Amino acid sequence: MTSPSPPQTYVSSALGWLLAVPALLGTLITLVLPTAQTIWLSFQSGGVLRESAYVGAENYSELLGGSDFWRALGFTLSLTVIPLLVAVVVGPLLALALDRAGTWPRRAGRIVLSLAVVAFSPVAVAGAWLRGLMPHASGLVTLAEGLREPATAPGTLRLIVAAGTFGVVCALAVIAFLPALRGGTPGPATLVVGVLVALSVVAVGLQTFSFGMVLTKGGPQRATETLAGLQYDYAFRLAEFGPGASVAALTGVVLGVLGIVATVVAAASRLSITLTPRTPGPGSPALDGAGAPSPDKAGSPYRTGGGAGIAGGTTGTGGTGGTGVRTPGAGMAVAGVAALVLVTVIAFVLTWPWMDGVLASPATPAGTVSAQVNTWAPAVTGAIVSVGVAYLAALGIGGLRPLGRASEWLLLLFAPWLFVGPGPLAVANWQNIHNLGLIDTFPALIQPLVVSVPALLVLTLLCKGLAERPGGGDFFGRVLLPSLPMAGILTGAVALVNAHDLLWPLLVVQKPDLFTTPVAQVQQLAGYAAPAPDVGAATPLLVVAVTLAALVAAQLLYLDRLAIRTNGSHPRTPAA
């Protein structure tokens with residue numbers, strides 16, 4: 001049964017459109033125009049060192065008629081195979097085991113997996129594997145020896161990427177699949193989430209840059225060149241913007257198709273995210289997302305007084321226990337804990353090269369206070385702006401519903417850039433920063449994206465789910481307050497991604513006193529007399545501790561209550 005949408009008025013509809021205006025303008029300025037600029041540059045020759053000239057489709061003819069692009073595309077896609085299997089096989093299986101195991105195994109799993117998210121830095125992980133090329137290296141890290149030869153380098157890099165990303169991919173997949181298992185129809189919701197996760201993994205993999213840049217720089221003999229590396233070589237090593245922009249445009253087309261498909265899947269399935277009520281204990285009323293007592297009447301999906309109103313009230317040997325809340329059996333709890341231990345052990349073994357590198361990290365300029373400021377201040381600033389603009393639009397589109405039940409289809413306006421990171425727009429954005437005279441300045445370190453489209457999608461689906469919840473309440477208490485924590489969580493997530501990005505700061509700063517930590521690490525590794533890689537610089541203990549504490553709190557107090565549903569189905573009450 002579908003929950004009715006809140007009644008629309010002219011004022012609420014107008015306010016919904018008004019809140020979406022900043023995101024629309026931000027998308028036009030920082031996504032649409034740079035995309036058009038990239039396409040225009042792809043029809044030209046020349047670059048920084050010589051005057052540009054229009055050459056039509058010549059760049060595309062040479063690119064598609066040669067072997068470099070197809071080799072880079074094939075190798076880049078091959079890097080996504082194992083992470084994709086981890087995301088759509090290991091992730092949902094572990095999520096299912098933790099969901100059926102009960103509250104404490106599920107929360108323990110969330111805490112353990114949080115560490116993999118906050119400690120992941122692509123440059124640091126790749127740098128740690130380079131220690132396998134040093135004299136007297138031993139253990140798993142010696143796998144890096146295979147990077148020396150063209151015949152073995154591609155397979156070796158695939159294994160290193162799979163090992164280095166196993167923990168974070170598994171963690172993010174579990175975070176995505178757990179709420180789907182709480183939906184009133186977990187099968188369809190899990191399937192839709194699986195499709196979105198798979199598309200996300202492929203899209204992120206297509207933009208892989210840091211691992212290849214640090215470990216092989218595309219070699220030996222271009223055997224490990226990725227699409228992002230090929231674009232970087234053309235546009236910034238050879239200073240040929242036309243071929244570089246052509247690679248960027250072709251990559252952007254693929255990413256745009258993936259983004260549109262993902263958005264259509266979410267909108268067509270009527271995907272939404274909501275909060276399950278708090279269940280403070282026997283005899284206490286359940287609380288909704290705003291902290292008020294939830295409705296407790298016959299047929300309510302949030303009813304806590306009996307099992308009849310709960311979707312999916314029993315699971316195997318468990319039952320509702322007479323409270324309407326699913327209780328796991330002992331066997332399920334043991335299975336969940338065993339699955340978590342198994343995945344944790346595998347992740348520990350595969351990330352040991354990084355952990356061993358952190359313990360052996362020397363003190364270098366990559367870990368100085370100035371490098372940390374250069375890394376985190378622009379990262380946080382960019383995250384606050386891009387997620388803030390996305391949140392306003394999500395409140396308008398998902399919460400106020402200016403087009404009623406069809407409002408989420410407005411996300412199609414942003415869909416082509418759902419998966420687009422800094423790479424495909426790097427040539428155009430670098431040219432704009434150069435023309436503004438901002439190269440080698442601190443403001444240039446801020447990512448040139450005013451709106452985070454992934455955050456817009458998630459927040460819109462959340463605001464939609466909150467608005468459709470049964471019960472009364474005004475917009476402030478019903479939608480805005482319960483969605484604020486998610487906006488904060490996504491701001492932190494975007495800040496982490498920005499801080500660990502290598503490509504953009506590598507392009508816009510050359511002065512050592514402006515280096516971010518990833519750039520300083522790469523510069524250190526490029527030196528002829530480079531010491532052991534400073535693996536720990538990217539994840540200083542203070543940053544890890546603060547971020548981990550915040551993420552654990554978010555996991556336990558907020559993310560653990562999320563439910564993803566499709567076609568208006570009601571979420572079930574989580575296991576006690």
# chains A, B, ... in the order shown; residues from 1 in each chain; ligands from 1

call {"tool": "residues_around", "arguments": {"residues": "segment 216-220 of chain A", "least_positions_apart": "4", "cutoff": "8 Å", "atoms": "only C-alpha atoms", "output": "PyMOL selection string"}}
result
chain A and resi 147-150+153+212+224-226+229

call {"tool": "residues_around", "arguments": {"residues": "Asn59 of chain A", "least_positions_apart": "4", "cutoff": "8 Å", "atoms": "only C-alpha atoms", "output": "VMD selection string"}}
result
chain A and resid 42 to 45 55 63 242 to 243 246

call {"tool": "write_last_selection", "arguments": {"atoms": "N, CA and C atoms", "output": "PDB file, in the first residue's frame"}}
result
ATOM      1  N   SER A  42      37.981  19.245 -27.470  1.00  0.00           N
ATOM      2  CA  SER A  42      38.298  17.973 -28.106  1.00  0.00           C
ATOM      3  C   SER A  42      38.323  18.081 -29.630  1.00  0.00           C
ATOM      4  N   PHE A  43      37.796  19.167 -30.183  1.00  0.00           N
ATOM      5  CA  PHE A  43      37.822  19.383 -31.631  1.00  0.00           C
ATOM      6  C   PHE A  43      38.966  20.307 -32.043  1.00  0.00           C
ATOM      7  N   GLN A  44      39.913  20.512 -31.149  1.00  0.00           N
ATOM      8  CA  GLN A  44      41.019  21.413 -31.433  1.00  0.00           C
ATOM      9  C   GLN A  44      42.346  20.710 -31.216  1.00  0.00           C
ATOM     10  N   SER A  45      43.389  21.281 -31.806  1.00  0.00           N
ATOM     11  CA  SER A  45      44.757  20.840 -31.534  1.00  0.00           C
ATOM     12  C   SER A  45      45.452  21.935 -30.742  1.00  0.00           C
ATOM     13  N   VAL A  55      40.311  21.348 -35.554  1.00  0.00           N
ATOM     14  CA  VAL A  55      40.679  20.225 -36.423  1.00  0.00           C
ATOM     15  C   VAL A  55      39.512  19.274 -36.624  1.00  0.00           C
ATOM     16  N   LEU A  63      42.223   8.759 -32.082  1.00  0.00           N
ATOM     17  CA  LEU A  63      42.076   8.069 -30.799  1.00  0.00           C
ATOM     18  C   LEU A  63      41.375   6.725 -30.981  1.00  0.00           C
ATOM     19  N   GLY A 242      43.702  18.927 -26.977  1.00  0.00           N
ATOM     20  CA  GLY A 242      42.717  18.313 -27.850  1.00  0.00           C
ATOM     21  C   GLY A 242      42.575  16.815 -27.625  1.00  0.00           C
ATOM     22  N   PRO A 243      43.657  16.034 -27.783  1.00  0.00           N
ATOM     23  CA  PRO A 243      43.554  14.597 -27.505  1.00  0.00           C
ATOM     24  C   PRO A 243      43.159  14.297 -26.064  1.00  0.00           C
ATOM     25  N   SER A 246      39.566  14.798 -25.730  1.00  0.00           N
ATOM     26  CA  SER A 246      38.836  13.736 -26.421  1.00  0.00           C
ATOM     27  C   SER A 246      38.674  12.520 -25.520  1.00  0.00           C
TER      28      SER A 246
END

call {"tool": "select_by_dssp", "arguments": {"residues": "segment 381-447 of chain A", "states": "helix (DSSP H, G or I)", "output": "ChimeraX atom specification"}}
result
/A:381-399,404-413,415-417,426-435,442-445

call {"tool": "residues_around", "arguments": {"residues": "Ile82 of chain A", "least_positions_apart": "2", "cutoff": "12 Å", "atoms": "only C-alpha atoms", "output": "ChimeraX atom specification"}}
result
/A:77-80,84-90,155,157-166,169-170,198,201-202,205

call {"tool": "closest_residue", "arguments": {"among": "A:Pro378, A:Pro122, A:Pro443, A:Gly437", "to": "Pro518 of chain A", "atoms": "only C-alpha atoms"}}
result
A:Pro122

call {"tool": "closest_atom_pairs", "arguments": {"of": "segment 350-445 of chain A", "to": "segment 128-145 of chain A", "cutoff": "12 Å", "atoms": "only C-alpha atoms", "output": "tab-separated table"}}
result
residue	atom	partner	partner_atom	distance
A:Leu350	CA	A:Leu140	CA	8.1
A:Thr351	CA	A:Ala128	CA	9.5
A:Trp352	CA	A:Leu140	CA	8.1
A:Pro353	CA	A:Val141	CA	5.7
A:Trp354	CA	A:Ala128	CA	5.1
A:Met355	CA	A:Ala128	CA	8.3
A:Asp356	CA	A:Ala128	CA	8.0
A:Gly357	CA	A:Ala128	CA	5.4
A:Val358	CA	A:Ala128	CA	8.0
A:Leu359	CA	A:Ala128	CA	10.7
A:Ala360	CA	A:Ala128	CA	9.9
A:Ser361	CA	A:Ala128	CA	9.4

call {"tool": "write_last_selection", "arguments": {"atoms": "N, CA and C atoms", "output": "compact mmCIF listing (two decimals), in the first residue's frame"}}
result
# COMPACT_ATOMS: atom_id res chain seq x y z
N LEU A 350 44.88 -8.43 3.70
CA LEU A 350 45.07 -7.70 2.46
C LEU A 350 45.55 -6.27 2.68
N THR A 351 45.25 -5.70 3.84
CA THR A 351 45.71 -4.33 4.12
C THR A 351 46.97 -4.30 4.97
N TRP A 352 47.55 -5.47 5.24
CA TRP A 352 48.75 -5.47 6.07
C TRP A 352 49.89 -4.65 5.45
N PRO A 353 50.11 -4.69 4.12
CA PRO A 353 51.16 -3.83 3.57
C PRO A 353 50.98 -2.36 3.95
N TRP A 354 49.73 -1.88 3.97
CA TRP A 354 49.49 -0.50 4.37
C TRP A 354 49.75 -0.31 5.86
N MET A 355 49.25 -1.21 6.69
CA MET A 355 49.44 -1.08 8.13
C MET A 355 50.92 -1.17 8.50
N ASP A 356 51.64 -2.09 7.87
CA ASP A 356 53.07 -2.21 8.12
C ASP A 356 53.79 -0.95 7.67
N GLY A 357 53.34 -0.37 6.56
CA GLY A 357 53.94 0.87 6.09
C GLY A 357 53.69 2.03 7.03
N VAL A 358 52.49 2.08 7.63
CA VAL A 358 52.18 3.14 8.59
C VAL A 358 53.11 3.04 9.81
N LEU A 359 53.34 1.83 10.28
CA LEU A 359 54.19 1.63 11.45
C LEU A 359 55.63 2.02 11.16
N ALA A 360 56.03 1.91 9.89
CA ALA A 360 57.41 2.20 9.53
C ALA A 360 57.57 3.56 8.87
N SER A 361 56.52 4.37 8.86
CA SER A 361 56.58 5.65 8.14
C SER A 361 57.59 6.60 8.76

call {"tool": "select_by_dssp", "arguments": {"residues": "segment 4-70 of chain A", "states": "strand (DSSP E or B)", "output": "number ranges by chain"}}
result
A: 44-45, 53-54

call {"tool": "write_last_selection", "arguments": {"atoms": "all heavy atoms", "output": "PDB file, in the first residue's frame"}}
result
ATOM      1  N   GLN A  44      39.913  20.512 -31.149  1.00  0.00           N
ATOM      2  CA  GLN A  44      41.019  21.413 -31.433  1.00  0.00           C
ATOM      3  C   GLN A  44      42.346  20.710 -31.216  1.00  0.00           C
ATOM      4  O   GLN A  44      42.441  19.690 -30.542  1.00  0.00           O
ATOM      5  CB  GLN A  44      40.948  22.653 -30.534  1.00  0.00           C
ATOM      6  CG  GLN A  44      39.660  23.440 -30.670  1.00  0.00           C
ATOM      7  CD  GLN A  44      39.673  24.695 -29.833  1.00  0.00           C
ATOM      8  OE1 GLN A  44      40.651  25.432 -29.813  1.00  0.00           O
ATOM      9  NE2 GLN A  44      38.574  24.941 -29.136  1.00  0.00           N
ATOM     10  N   SER A  45      43.389  21.281 -31.806  1.00  0.00           N
ATOM     11  CA  SER A  45      44.757  20.840 -31.534  1.00  0.00           C
ATOM     12  C   SER A  45      45.452  21.935 -30.742  1.00  0.00           C
ATOM     13  O   SER A  45      44.942  23.042 -30.596  1.00  0.00           O
ATOM     14  CB  SER A  45      45.505  20.593 -32.850  1.00  0.00           C
ATOM     15  OG  SER A  45      45.643  21.813 -33.572  1.00  0.00           O
ATOM     16  N   ALA A  53      43.994  25.224 -32.671  1.00  0.00           N
ATOM     17  CA  ALA A  53      43.390  25.329 -33.991  1.00  0.00           C
ATOM     18  C   ALA A  53      42.310  24.270 -34.129  1.00  0.00           C
ATOM     19  O   ALA A  53      42.469  23.145 -33.640  1.00  0.00           O
ATOM     20  CB  ALA A  53      44.447  25.149 -35.082  1.00  0.00           C
ATOM     21  N   TYR A  54      41.219  24.629 -34.798  1.00  0.00           N
ATOM     22  CA  TYR A  54      40.105  23.695 -34.969  1.00  0.00           C
ATOM     23  C   TYR A  54      40.493  22.604 -35.958  1.00  0.00           C
ATOM     24  O   TYR A  54      40.951  22.874 -37.068  1.00  0.00           O
ATOM     25  CB  TYR A  54      38.877  24.451 -35.470  1.00  0.00           C
ATOM     26  CG  TYR A  54      37.658  23.564 -35.642  1.00  0.00           C
ATOM     27  CD1 TYR A  54      36.903  23.176 -34.545  1.00  0.00           C
ATOM     28  CD2 TYR A  54      37.291  23.119 -36.918  1.00  0.00           C
ATOM     29  CE1 TYR A  54      35.793  22.358 -34.709  1.00  0.00           C
ATOM     30  CE2 TYR A  54      36.177  22.307 -37.086  1.00  0.00           C
ATOM     31  CZ  TYR A  54      35.437  21.927 -35.972  1.00  0.00           C
ATOM     32  OH  TYR A  54      34.342  21.111 -36.133  1.00  0.00           O
TER      33      TYR A  54
END

call {"tool": "closest_residue", "arguments": {"among": "A:Ser407, A:Ser200, A:Thr274, A:Ser13", "to": "Pro83 of chain A", "atoms": "only C-alpha atoms"}}
result
A:Ser200

call {"tool": "closest_residue", "arguments": {"among": "A:Phe211, A:Trp376, A:Trp17, A:Phe177", "to": "Val125 of chain A", "atoms": "only C-alpha atoms"}}
result
A:Phe211

call {"tool": "residues_around", "arguments": {"residues": "Val458 of chain A", "least_positions_apart": "4", "cutoff": "9 Å", "atoms": "only C-alpha atoms", "output": "PyMOL selection string"}}
result
chain A and resi 272-273+394+453-454+462-463+486+490

call {"tool": "residues_around", "arguments": {"residues": "Pro540 of chain A", "least_positions_apart": "2", "cutoff": "10 Å", "atoms": "only C-alpha atoms", "output": "list of chain:residue names"}}
result
A:Ala119, A:Val358, A:Gly367, A:Gln372, A:Val535, A:Gly536, A:Ala537, A:Ala538, A:Leu542, A:Val543, A:Val544, A:Ala545

call {"tool": "closest_residue", "arguments": {"among": "A:Gly56, A:Gly252, A:Gly336, A:Gly329", "to": "Gln207 of chain A", "atoms": "only C-alpha atoms"}}
result
A:Gly252

call {"tool": "residues_around", "arguments": {"residues": "Ala116 of chain A", "least_positions_apart": "4", "cutoff": "7 Å", "atoms": "only C-alpha atoms", "output": "PyMOL selection string"}}
result
chain A and resi 120+167-168+171

call {"tool": "write_last_selection", "arguments": {"atoms": "N, CA and C atoms", "output": "compact mmCIF listing (two decimals), in the first residue's frame"}}
result
# COMPACT_ATOMS: atom_id res chain seq x y z
N PHE A 120 41.17 4.83 4.60
CA PHE A 120 41.53 4.54 3.21
C PHE A 120 42.00 5.79 2.50
N GLY A 167 38.66 -3.78 1.72
CA GLY A 167 38.01 -3.34 2.96
C GLY A 167 37.03 -2.22 2.74
N VAL A 168 37.44 -1.18 2.01
CA VAL A 168 36.56 -0.02 1.84
C VAL A 168 35.38 -0.35 0.94
N ALA A 171 32.97 -2.41 3.02
CA ALA A 171 32.32 -1.58 4.03
C ALA A 171 31.22 -0.72 3.42

call {"tool": "closest_residue", "arguments": {"among": "A:Ala426, A:Phe414, A:Gly259, A:Gly421", "to": "Leu506 of chain A", "atoms": "only C-alpha atoms"}}
result
A:Ala426

call {"tool": "closest_residue", "arguments": {"among": "A:Gly399, A:Gly492, A:Pro422, A:Gly465", "to": "Leu548 of chain A", "atoms": "only C-alpha atoms"}}
result
A:Gly492
